[in-house]
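**Student:** Contents of structure-v5.cif (mmCIF, C-alpha atoms) are below:
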data_input
loop_
_atom_site.label_atom_id
_atom_site.label_comp_id
_atom_site.auth_asym_id
_atom_site.auth_seq_id
_atom_site.Cartn_x
_atom_site.Cartn_y
_atom_site.Cartn_z
CA MET A 1 0.00 0.00 0.00
CA ALA A 2 2.91 2.35 0.65
CA GLU A 3 3.91 2.03 -3.00
CA LEU A 4 0.36 2.76 -4.16
CA GLU A 5 0.18 5.76 -1.83
CA ARG A 6 3.22 7.16 -3.60
CA LEU A 7 1.35 6.84 -6.89
CA PHE A 8 -1.74 8.56 -5.48
CA LYS A 9 0.47 11.37 -4.19
CA ASN A 10 2.05 11.76 -7.61
CA ASN A 11 -1.39 11.77 -9.20
CA ARG A 12 -2.70 14.50 -6.91
CA ALA A 13 0.36 16.65 -7.56
CA TRP A 14 -0.02 16.17 -11.31
CA ALA A 15 -3.75 16.98 -11.28
CA ILE A 16 -3.20 20.15 -9.27
CA ALA A 17 -0.39 21.27 -11.58
CA GLN A 18 -2.53 20.66 -14.69
CA ALA A 19 -5.48 22.56 -13.27
CA GLU A 20 -3.30 25.49 -12.25
CA ALA A 21 -1.71 25.69 -15.68
CA ASP A 22 -5.05 25.32 -17.47
CA PRO A 23 -8.28 25.65 -15.42
CA HIS A 24 -10.32 24.09 -18.25
CA TYR A 25 -7.98 21.15 -18.83
CA PHE A 26 -10.05 18.40 -17.23
CA SER A 27 -13.45 19.73 -18.28
CA ARG A 28 -12.18 19.77 -21.85
CA LEU A 29 -11.00 16.17 -21.62
CA ALA A 30 -14.27 15.09 -19.99
CA SER A 31 -16.26 16.53 -22.90
CA GLY A 32 -14.90 13.92 -25.32
CA GLN A 33 -12.01 12.98 -27.57
CA ALA A 34 -11.33 13.63 -31.25
CA PRO A 35 -7.90 12.16 -32.03
CA LYS A 36 -6.58 12.03 -35.58
CA TYR A 37 -4.10 9.26 -34.80
CA LEU A 38 -4.22 5.65 -33.67
CA TRP A 39 -0.90 4.44 -32.26
CA ILE A 40 -0.21 0.70 -32.24
CA GLY A 41 2.96 0.29 -30.23
CA CYS A 42 4.90 -1.95 -27.90
CA SER A 43 3.98 -2.42 -24.24
CA ASP A 44 7.55 -1.51 -23.27
CA SER A 45 7.33 1.09 -20.49
CA ARG A 46 10.05 3.16 -22.17
CA VAL A 47 7.93 3.87 -25.26
CA PRO A 48 4.99 6.14 -24.21
CA ALA A 49 3.07 7.35 -27.26
CA ASN A 50 1.92 10.80 -26.08
CA GLN A 51 5.31 11.87 -24.79
CA ILE A 52 7.18 10.64 -27.86
CA LEU A 53 4.80 12.43 -30.21
CA GLY A 54 4.58 15.54 -28.07
CA LEU A 55 0.79 15.29 -27.97
CA SER A 56 -1.63 15.91 -25.14
CA PRO A 57 -4.21 13.41 -23.85
CA GLY A 58 -7.11 13.24 -26.29
CA GLU A 59 -4.91 13.67 -29.36
CA VAL A 60 -3.82 10.07 -29.90
CA PHE A 61 -5.74 6.81 -29.40
CA VAL A 62 -3.42 4.05 -28.20
CA HIS A 63 -3.17 0.28 -28.36
CA ARG A 64 -0.08 -1.49 -27.04
CA ASN A 65 1.04 -5.10 -26.82
CA VAL A 66 4.28 -7.04 -26.71
CA ALA A 67 6.25 -6.24 -29.89
CA ASN A 68 3.50 -4.10 -31.48
CA LEU A 69 1.83 -6.98 -33.30
CA VAL A 70 -1.41 -6.89 -35.30
CA VAL A 71 -2.73 -10.45 -35.22
CA HIS A 72 -5.98 -11.28 -36.96
CA THR A 73 -7.23 -13.41 -34.08
CA ASP A 74 -6.56 -10.67 -31.51
CA MET A 75 -10.03 -9.30 -30.78
CA SER A 76 -8.62 -6.59 -28.52
CA CYS A 77 -6.46 -5.06 -31.25
CA LEU A 78 -9.14 -5.44 -33.91
CA SER A 79 -11.74 -3.83 -31.63
CA VAL A 80 -9.43 -0.87 -31.03
CA ILE A 81 -8.86 -0.45 -34.77
CA GLN A 82 -12.59 -0.65 -35.50
CA PHE A 83 -13.48 1.87 -32.78
CA ALA A 84 -10.74 4.23 -33.93
CA VAL A 85 -11.71 4.04 -37.60
CA GLU A 86 -15.48 3.79 -37.47
CA VAL A 87 -16.33 5.81 -34.36
CA LEU A 88 -13.47 8.24 -33.82
CA LYS A 89 -12.88 8.64 -37.57
CA ILE A 90 -9.11 8.81 -37.14
CA GLU A 91 -7.12 9.63 -40.27
CA HIS A 92 -3.77 8.01 -39.49
CA ILE A 93 -2.80 4.67 -38.01
CA ILE A 94 0.80 4.54 -36.80
CA VAL A 95 2.46 1.20 -36.16
CA CYS A 96 5.55 1.97 -34.13
CA GLY A 97 8.20 -0.50 -33.07
CA HIS A 98 11.45 0.23 -31.27
CA TYR A 99 15.03 -0.93 -31.38
CA GLY A 100 16.00 -3.12 -28.46
CA CYS A 101 12.53 -4.70 -28.33
CA GLY A 102 12.50 -7.57 -25.83
CA GLY A 103 9.84 -9.44 -27.79
CA VAL A 104 11.86 -9.32 -30.99
CA HIS A 105 14.98 -10.37 -29.10
CA ALA A 106 13.19 -13.36 -27.59
CA ALA A 107 11.72 -14.38 -30.94
CA SER A 108 15.18 -14.22 -32.53
CA GLY A 109 16.41 -17.08 -30.37
CA SER A 110 15.39 -20.69 -29.85
CA GLY A 111 14.74 -20.66 -26.11
CA GLN A 112 11.33 -21.23 -24.57
CA HIS A 113 9.70 -18.45 -22.54
CA GLY A 114 6.31 -19.93 -21.68
CA LEU A 115 2.89 -18.84 -22.89
CA ILE A 116 4.30 -15.82 -24.72
CA ASP A 117 6.05 -18.12 -27.21
CA ASN A 118 2.68 -18.53 -28.94
CA TRP A 119 2.54 -14.75 -29.40
CA LEU A 120 6.17 -14.39 -30.43
CA ARG A 121 5.75 -17.02 -33.13
CA ASN A 122 4.27 -14.23 -35.26
CA ILE A 123 7.68 -12.52 -35.21
CA LYS A 124 9.37 -15.78 -36.17
CA ASP A 125 7.09 -15.79 -39.21
CA VAL A 126 8.43 -12.33 -40.10
CA TYR A 127 11.97 -13.75 -39.83
CA ARG A 128 11.04 -16.68 -42.07
CA LEU A 129 9.57 -14.37 -44.71
CA ASN A 130 12.78 -12.28 -44.74
CA LYS A 131 15.40 -14.89 -43.84
CA ALA A 132 17.56 -14.29 -46.94
CA GLU A 133 18.02 -10.61 -46.04
CA LEU A 134 18.41 -11.24 -42.32
CA ASN A 135 20.82 -14.16 -42.62
CA ALA A 136 23.04 -12.01 -44.83
CA ILE A 137 23.59 -9.60 -41.91
CA SER A 138 26.60 -10.87 -39.96
CA ASP A 139 26.36 -8.55 -36.95
CA PRO A 140 23.77 -9.96 -34.48
CA GLN A 141 22.68 -6.54 -33.21
CA ALA A 142 22.27 -5.13 -36.70
CA ARG A 143 20.29 -8.24 -37.66
CA GLU A 144 18.00 -7.82 -34.68
CA ASP A 145 17.53 -4.11 -35.42
CA ARG A 146 16.54 -4.96 -38.96
CA LEU A 147 14.07 -7.57 -37.69
CA CYS A 148 12.50 -4.82 -35.55
CA GLU A 149 12.03 -2.76 -38.71
CA LEU A 150 10.71 -5.64 -40.80
CA ASN A 151 8.28 -6.53 -38.04
CA VAL A 152 6.81 -3.02 -38.17
CA ILE A 153 6.48 -3.20 -41.95
CA GLU A 154 4.67 -6.54 -41.70
CA GLN A 155 2.28 -5.21 -39.06
CA VAL A 156 1.46 -2.21 -41.25
CA LYS A 157 0.39 -4.68 -43.92
CA ASN A 158 -1.62 -6.65 -41.38
CA VAL A 159 -3.53 -3.51 -40.42
CA CYS A 160 -4.34 -2.88 -44.07
CA HIS A 161 -5.45 -6.48 -44.62
CA THR A 162 -8.33 -6.04 -42.15
CA THR A 163 -11.83 -5.56 -43.51
CA ILE A 164 -12.10 -2.61 -41.12
CA VAL A 165 -9.50 -0.58 -43.00
CA GLN A 166 -10.52 -1.78 -46.46
CA ASN A 167 -14.18 -0.96 -45.83
CA ALA A 168 -13.14 2.51 -44.68
CA TRP A 169 -11.28 3.03 -47.96
CA ALA A 170 -14.28 1.73 -49.91
CA CYS A 171 -16.47 4.33 -48.18
CA GLY A 172 -14.06 7.10 -49.14
CA HIS A 173 -12.71 7.66 -45.63
CA PRO A 174 -9.21 9.20 -45.85
CA LEU A 175 -7.04 6.79 -43.90
CA SER A 176 -3.28 6.25 -44.06
CA VAL A 177 -1.27 3.57 -42.28
CA HIS A 178 2.36 4.39 -41.43
CA GLY A 179 5.35 2.44 -40.13
CA LEU A 180 7.73 4.13 -37.69
CA ILE A 181 10.46 2.94 -35.36
CA TYR A 182 11.73 4.54 -32.17
CA ALA A 183 15.30 4.57 -30.88
CA LEU A 184 15.70 4.44 -27.12
CA LYS A 185 19.25 5.74 -27.34
CA ASP A 186 18.28 9.19 -28.63
CA GLY A 187 14.48 9.42 -28.28
CA LEU A 188 13.94 9.96 -32.00
CA LEU A 189 11.44 8.38 -34.38
CA ARG A 190 12.55 7.04 -37.76
CA ASP A 191 10.25 6.84 -40.78
CA LEU A 192 10.48 3.38 -42.35
CA ALA A 193 9.07 4.79 -45.60
CA VAL A 194 6.07 2.46 -45.58
CA ARG A 195 2.79 4.28 -46.02
CA ILE A 196 -0.38 2.67 -47.33
CA ASN A 197 -3.57 4.59 -48.06
CA THR A 198 -5.21 2.57 -50.83
CA PRO A 199 -6.02 -1.11 -51.39
CA GLU A 200 -4.14 -0.98 -54.69
CA ALA A 201 -0.92 -0.92 -52.67
CA LEU A 202 -1.71 -4.40 -51.32
CA GLU A 203 -1.08 -7.72 -52.97
CA ALA A 204 -4.21 -8.79 -54.85
CA ILE A 205 -4.86 -11.83 -52.64
CA TYR A 206 -5.36 -9.55 -49.61
CA ARG A 207 -7.84 -7.18 -51.23
CA THR A 208 -11.42 -7.77 -50.16
CA HIS A 209 -14.80 -6.50 -51.28
CA ALA A 210 -17.68 -5.73 -48.96
CA ARG A 211 -20.20 -8.57 -48.92
CA ASP A 212 -23.68 -7.72 -50.18
CA ASN A 213 -26.12 -9.54 -47.91
CA ALA A 214 -29.21 -8.40 -49.79
CA ALA A 215 -30.76 -11.14 -51.96
CA PRO A 216 -32.54 -10.21 -55.25
CA ALA A 217 -36.30 -9.75 -54.99
CA GLY A 218 -38.16 -13.07 -54.88
CA GLU A 219 -34.96 -15.03 -54.35
CA ARG A 220 -34.41 -16.97 -51.15
CA PRO A 221 -31.15 -15.98 -49.38
CA GLN A 222 -28.42 -18.60 -49.47
CA ARG A 223 -27.66 -20.28 -46.19
CA ASP A 224 -24.16 -20.09 -44.79
CA PRO A 225 -22.19 -22.82 -46.65
CA VAL A 226 -20.60 -24.13 -43.45
CA ILE A 227 -23.97 -24.49 -41.73
CA ARG A 228 -25.42 -26.11 -44.88
CA LEU A 229 -22.54 -28.60 -45.01
CA GLU A 230 -22.99 -29.47 -41.33
CA ARG A 231 -26.71 -30.10 -41.85
CA GLU A 232 -26.12 -32.23 -44.93
CA THR A 233 -23.54 -34.26 -43.03
CA ILE A 234 -25.98 -34.86 -40.16
CA ARG A 235 -28.73 -35.80 -42.62
CA TYR A 236 -26.44 -38.29 -44.35
CA ALA A 237 -25.34 -39.78 -41.02
CA ASN A 238 -28.95 -40.26 -39.93
CA SER A 239 -29.90 -41.94 -43.18
CA THR A 240 -27.22 -44.60 -42.73
CA LEU A 241 -28.31 -45.59 -39.22
#
Can you dump the structure from the file as C-alpha cells?
**Tutor:**
Amino acid sequence: MAELERLFKNNRAWAIAQAEADPHYFSRLASGQAPKYLWIGCSDSRVPANQILGLSPGEVFVHRNVANLVVHTDMSCLSVIQFAVEVLKIEHIIVCGHYGCGGVHAASGSGQHGLIDNWLRNIKDVYRLNKAELNAISDPQAREDRLCELNVIEQVKNVCHTTIVQNAWACGHPLSVHGLIYALKDGLLRDLAVRINTPEALEAIYRTHARDNAAPAGERPQRDPVIRLERETIRYANSTL
C-alpha cells in the first residue's frame, strides 16, 4: 500500500499542476475525444506514445502489446482499430516499433519463454519471410535491429489487410497507415518509408470486397455454406443408421 500511496500522491500533484496551468484542462478532456491518430505500439514502459509524439491526452488513441503486433485473431487489437476508424474517424494509423525490443529479441532465439512463445511465433514468421536478407547480416545486433524494422512493416500490412480498413477506404474515408520505429538511445522516431492509403498498394490476394447480404427480390437468401454442409452431413449420417 505504501507504493500505491506514492502513486496517489504523484497523481494529486499532477492533477493540481494541470489545473493550475489550465483551469479548463479536465473539463475539456471530460467533454470527449477527437484524435486524428491511432498508435499501435509496444507495451515496453520506455515507449509512451503521447510523450514521444509531443501530444496531449485526447490527441492520440493508443493500443499497445508485446512487440506491437497486429494479429488477426486478436479481438482486442481489432476492436481498437474498429473503434478508432469507425467511431473516432481517425485519419492516421501509426504502427511503431522500437530498437531493443524484448519481444523481438526473444523471438530471434530458440529458447522457450512460456505462454508468450505462442505470441512471439508471429515474429518468427516475419523472420522466415525475410530470412535471406536477415541471414546475410553478420552482426547480431544489426540483424536484430533490422528484424524490428521488418516486423513493423509486416504489421502495417496486417492492419491494411483487415476488412475494417478496407471498408473505410471503400467508403471514401481518408485513412493512411504508417510504419515508424523509435530509438531508445536518442528518443527519435525514424520513418520506415512504408505508407499505405489505398487497397491498390496491397497484394491482390489480400484485397477484399464488402459482402452484399441483400438477396434479389423473390430469391431466397443462401444459407451459410458451413452451416449447410454441417446439416447435410448430419442428414447423411442419420440416413445410414
**Student:** Would you compute the distance between atom CA of A:Gly187 and atom CA of A:Arg12? Give it in Å to one decimal.
**Tutor:**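 Value for the atom CA of A:Gly187-atom CA of A:Arg12 distance: 27.9 Å.
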**Student:** Could you work out an axis-aligned bounding box for all listed atoms of stretch 32-35 of chain A, with 4 Å added on each of the six sides, and give its centre and edge lengths in Å to one decimal, as JSON?
**Tutor:**
{"center_x": -11.4, "center_y": 13.0, "center_z": -28.7, "size_x": 15.0, "size_y": 9.8, "size_z": 14.7}
**Student:** Please provide as a list in words all residues within 6 Å of A:Tyr206, with the sequence filter that same-chain residues fewer than 2 positions apart are discarded (counting all atoms listed in the file).
**Tutor:**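 Using all atoms listed in the file, the neighbours found are His161, Glu203 and Ala204 of chain A.
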**Student:** Record the distance separating atom CA of A:Tyr37 and atom CA of A:Glu91, expressed in Å with one decimal.
**Tutor:**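 Answer for the atom CA of A:Tyr37 to atom CA of A:Glu91 separation: 6.3 Å.
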**Student:** For the structure provided, state which residues fall under the PyMOL selection byres ((chain A and resi 152-154) around 9), and present them as an mmCIF file with C-alpha atoms, in the coordinates of the input.
**Tutor:**
data_model
loop_
_atom_site.group_PDB
_atom_site.id
_atom_site.type_symbol
_atom_site.label_atom_id
_atom_site.label_comp_id
_atom_site.auth_asym_id
_atom_site.auth_seq_id
_atom_site.Cartn_x
_atom_site.Cartn_y
_atom_site.Cartn_z
ATOM 1 C CA ALA A 67 6.250 -6.240 -29.890
ATOM 2 C CA ASN A 68 3.500 -4.100 -31.480
ATOM 3 C CA LEU A 69 1.830 -6.980 -33.300
ATOM 4 C CA VAL A 70 -1.410 -6.890 -35.300
ATOM 5 C CA VAL A 95 2.460 1.200 -36.160
ATOM 6 C CA CYS A 96 5.550 1.970 -34.130
ATOM 7 C CA GLY A 97 8.200 -0.500 -33.070
ATOM 8 C CA HIS A 98 11.450 0.230 -31.270
ATOM 9 C CA VAL A 126 8.430 -12.330 -40.100
ATOM 10 C CA LEU A 147 14.070 -7.570 -37.690
ATOM 11 C CA CYS A 148 12.500 -4.820 -35.550
ATOM 12 C CA GLU A 149 12.030 -2.760 -38.710
ATOM 13 C CA LEU A 150 10.710 -5.640 -40.800
ATOM 14 C CA ASN A 151 8.280 -6.530 -38.040
ATOM 15 C CA GLN A 155 2.280 -5.210 -39.060
ATOM 16 C CA VAL A 156 1.460 -2.210 -41.250
ATOM 17 C CA LYS A 157 0.390 -4.680 -43.920
ATOM 18 C CA ASN A 158 -1.620 -6.650 -41.380
ATOM 19 C CA VAL A 159 -3.530 -3.510 -40.420
ATOM 20 C CA HIS A 178 2.360 4.390 -41.430
ATOM 21 C CA GLY A 179 5.350 2.440 -40.130
ATOM 22 C CA LEU A 180 7.730 4.130 -37.690
ATOM 23 C CA ILE A 181 10.460 2.940 -35.360
ATOM 24 C CA LEU A 192 10.480 3.380 -42.350
ATOM 25 C CA VAL A 194 6.070 2.460 -45.580
#
**Student:** State, in Å with one decimal place, the distance from atom CA of A:Phe61 to atom CA of A:Pro174.
**Tutor:**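 Those two atoms sit 17.0 Å apart.
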**Student:** Restricting the calculation to all atoms listed in the file: of A:Val47, A:Ala19, A:Val87, A:Ala13, which residue gets closest to A:Ala34?
**Tutor:**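 Nearest candidate to A:Ala34 out of A:Val47, A:Ala19, A:Val87, A:Ala13: A:Val87.
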**Student:** Out of A:Thr208, A:Thr198, A:Asn167, A:Asn65, which residue has the shortest atom-to-atom distance to A:Ile116 when counting all atoms listed in the file?
**Tutor:**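 Looking only at the distances to A:Ile116, the closest residue turns out to be A:Asn65.
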**Student:** So, counting all atoms listed in the file, which residue among A:Leu7, A:Leu189, A:Ala168, A:Ile94 is closest to A:Gly41?
**Tutor:** A:Ile94
**Student:** The PyMOL selection byres ((chain A and resi 142-146) around 12) - which residues does that actually catch in the file I just gave you? List them as a count of residues only.
**Tutor:** 40
**Student:** Extract stretch 166-180 of chain A from the structure I just pasted (atoms: all heavy atoms) and return it as a JSON list (two decimals), in the first residue's frame.
**Tutor:**
[["chain", "number", "residue", "atom", "x", "y", "z"],
["A", 166, "GLN", "N", -10.14, -1.74, -45.05],
["A", 166, "GLN", "CA", -10.52, -1.78, -46.46],
["A", 166, "GLN", "C", -11.94, -1.27, -46.67],
["A", 166, "GLN", "O", -12.23, -0.62, -47.69],
["A", 166, "GLN", "CB", -10.35, -3.20, -47.00],
["A", 166, "GLN", "CG", -8.88, -3.63, -46.98],
["A", 166, "GLN", "CD", -8.59, -4.82, -47.88],
["A", 166, "GLN", "OE1", -9.17, -4.97, -48.94],
["A", 166, "GLN", "NE2", -7.66, -5.66, -47.44],
["A", 167, "ASN", "N", -12.83, -1.52, -45.72],
["A", 167, "ASN", "CA", -14.18, -0.96, -45.83],
["A", 167, "ASN", "C", -14.16, 0.55, -45.68],
["A", 167, "ASN", "O", -14.95, 1.26, -46.31],
["A", 167, "ASN", "CB", -15.10, -1.58, -44.77],
["A", 167, "ASN", "CG", -15.46, -3.02, -45.10],
["A", 167, "ASN", "OD1", -15.31, -3.47, -46.24],
["A", 167, "ASN", "ND2", -15.95, -3.75, -44.11],
["A", 168, "ALA", "N", -13.27, 1.05, -44.84],
["A", 168, "ALA", "CA", -13.14, 2.51, -44.68],
["A", 168, "ALA", "C", -12.71, 3.13, -46.00],
["A", 168, "ALA", "O", -13.24, 4.17, -46.42],
["A", 168, "ALA", "CB", -12.15, 2.84, -43.57],
["A", 169, "TRP", "N", -11.72, 2.52, -46.65],
["A", 169, "TRP", "CA", -11.28, 3.03, -47.96],
["A", 169, "TRP", "C", -12.42, 2.98, -48.97],
["A", 169, "TRP", "O", -12.62, 3.91, -49.75],
["A", 169, "TRP", "CB", -10.10, 2.20, -48.46],
["A", 169, "TRP", "CG", -8.81, 2.51, -47.78],
["A", 169, "TRP", "CD1", -8.43, 3.67, -47.18],
["A", 169, "TRP", "CD2", -7.70, 1.61, -47.63],
["A", 169, "TRP", "NE1", -7.16, 3.57, -46.67],
["A", 169, "TRP", "CE2", -6.68, 2.32, -46.94],
["A", 169, "TRP", "CE3", -7.46, 0.30, -48.00],
["A", 169, "TRP", "CZ2", -5.45, 1.74, -46.62],
["A", 169, "TRP", "CZ3", -6.23, -0.29, -47.70],
["A", 169, "TRP", "CH2", -5.24, 0.44, -47.00],
["A", 170, "ALA", "N", -13.18, 1.89, -48.95],
["A", 170, "ALA", "CA", -14.28, 1.73, -49.91],
["A", 170, "ALA", "C", -15.35, 2.80, -49.71],
["A", 170, "ALA", "O", -16.02, 3.20, -50.67],
["A", 170, "ALA", "CB", -14.90, 0.34, -49.76],
["A", 171, "CYS", "N", -15.49, 3.28, -48.48],
["A", 171, "CYS", "CA", -16.47, 4.33, -48.18],
["A", 171, "CYS", "C", -15.91, 5.73, -48.42],
["A", 171, "CYS", "O", -16.60, 6.72, -48.17],
["A", 171, "CYS", "CB", -16.93, 4.20, -46.73],
["A", 171, "CYS", "SG", -17.90, 2.72, -46.39],
["A", 172, "GLY", "N", -14.66, 5.80, -48.85],
["A", 172, "GLY", "CA", -14.06, 7.10, -49.14],
["A", 172, "GLY", "C", -13.46, 7.79, -47.94],
["A", 172, "GLY", "O", -13.14, 8.99, -48.00],
["A", 173, "HIS", "N", -13.30, 7.05, -46.83],
["A", 173, "HIS", "CA", -12.71, 7.66, -45.63],
["A", 173, "HIS", "C", -11.21, 7.81, -45.82],
["A", 173, "HIS", "O", -10.52, 6.83, -46.13],
["A", 173, "HIS", "CB", -12.99, 6.77, -44.42],
["A", 173, "HIS", "CG", -12.41, 7.28, -43.14],
["A", 173, "HIS", "ND1", -12.74, 8.50, -42.60],
["A", 173, "HIS", "CD2", -11.51, 6.74, -42.28],
["A", 173, "HIS", "CE1", -12.08, 8.69, -41.48],
["A", 173, "HIS", "NE2", -11.32, 7.64, -41.25],
["A", 174, "PRO", "N", -10.66, 9.02, -45.68],
["A", 174, "PRO", "CA", -9.21, 9.20, -45.85],
["A", 174, "PRO", "C", -8.45, 8.58, -44.68],
["A", 174, "PRO", "O", -8.55, 9.05, -43.55],
["A", 174, "PRO", "CB", -9.05, 10.73, -45.87],
["A", 174, "PRO", "CG", -10.23, 11.24, -45.10],
["A", 174, "PRO", "CD", -11.35, 10.28, -45.35],
["A", 175, "LEU", "N", -7.72, 7.53, -44.96],
["A", 175, "LEU", "CA", -7.04, 6.79, -43.90],
["A", 175, "LEU", "C", -5.68, 6.31, -44.41],
["A", 175, "LEU", "O", -5.60, 5.64, -45.44],
["A", 175, "LEU", "CB", -7.89, 5.58, -43.48],
["A", 175, "LEU", "CG", -7.35, 4.70, -42.36],
["A", 175, "LEU", "CD1", -7.21, 5.48, -41.07],
["A", 175, "LEU", "CD2", -8.26, 3.49, -42.16],
["A", 176, "SER", "N", -4.64, 6.67, -43.70],
["A", 176, "SER", "CA", -3.28, 6.25, -44.06],
["A", 176, "SER", "C", -2.68, 5.45, -42.91],
["A", 176, "SER", "O", -2.89, 5.77, -41.74],
["A", 176, "SER", "CB", -2.40, 7.47, -44.34],
["A", 176, "SER", "OG", -2.89, 8.21, -45.44],
["A", 177, "VAL", "N", -1.92, 4.42, -43.27],
["A", 177, "VAL", "CA", -1.27, 3.57, -42.28],
["A", 177, "VAL", "C", 0.24, 3.72, -42.47],
["A", 177, "VAL", "O", 0.76, 3.56, -43.57],
["A", 177, "VAL", "CB", -1.69, 2.09, -42.43],
["A", 177, "VAL", "CG1", -1.11, 1.26, -41.29],
["A", 177, "VAL", "CG2", -3.21, 1.97, -42.47],
["A", 178, "HIS", "N", 0.94, 4.05, -41.38],
["A", 178, "HIS", "CA", 2.36, 4.39, -41.43],
["A", 178, "HIS", "C", 3.17, 3.43, -40.55],
["A", 178, "HIS", "O", 2.68, 2.94, -39.54],
["A", 178, "HIS", "CB", 2.59, 5.81, -40.91],
["A", 178, "HIS", "CG", 1.65, 6.83, -41.46],
["A", 178, "HIS", "ND1", 1.97, 7.64, -42.53],
["A", 178, "HIS", "CD2", 0.39, 7.18, -41.09],
["A", 178, "HIS", "CE1", 0.95, 8.46, -42.79],
["A", 178, "HIS", "NE2", -0.02, 8.19, -41.94],
["A", 179, "GLY", "N", 4.43, 3.23, -40.93],
["A", 179, "GLY", "CA", 5.35, 2.44, -40.13],
["A", 179, "GLY", "C", 6.50, 3.28, -39.63],
["A", 179, "GLY", "O", 7.25, 3.87, -40.43],
["A", 180, "LEU", "N", 6.65, 3.37, -38.31],
["A", 180, "LEU", "CA", 7.73, 4.13, -37.69],
["A", 180, "LEU", "C", 8.49, 3.24, -36.72],
["A", 180, "LEU", "O", 7.98, 2.22, -36.26],
["A", 180, "LEU", "CB", 7.19, 5.34, -36.92],
["A", 180, "LEU", "CG", 6.22, 6.29, -37.64],
["A", 180, "LEU", "CD1", 5.79, 7.41, -36.70],
["A", 180, "LEU", "CD2", 6.86, 6.87, -38.90]]
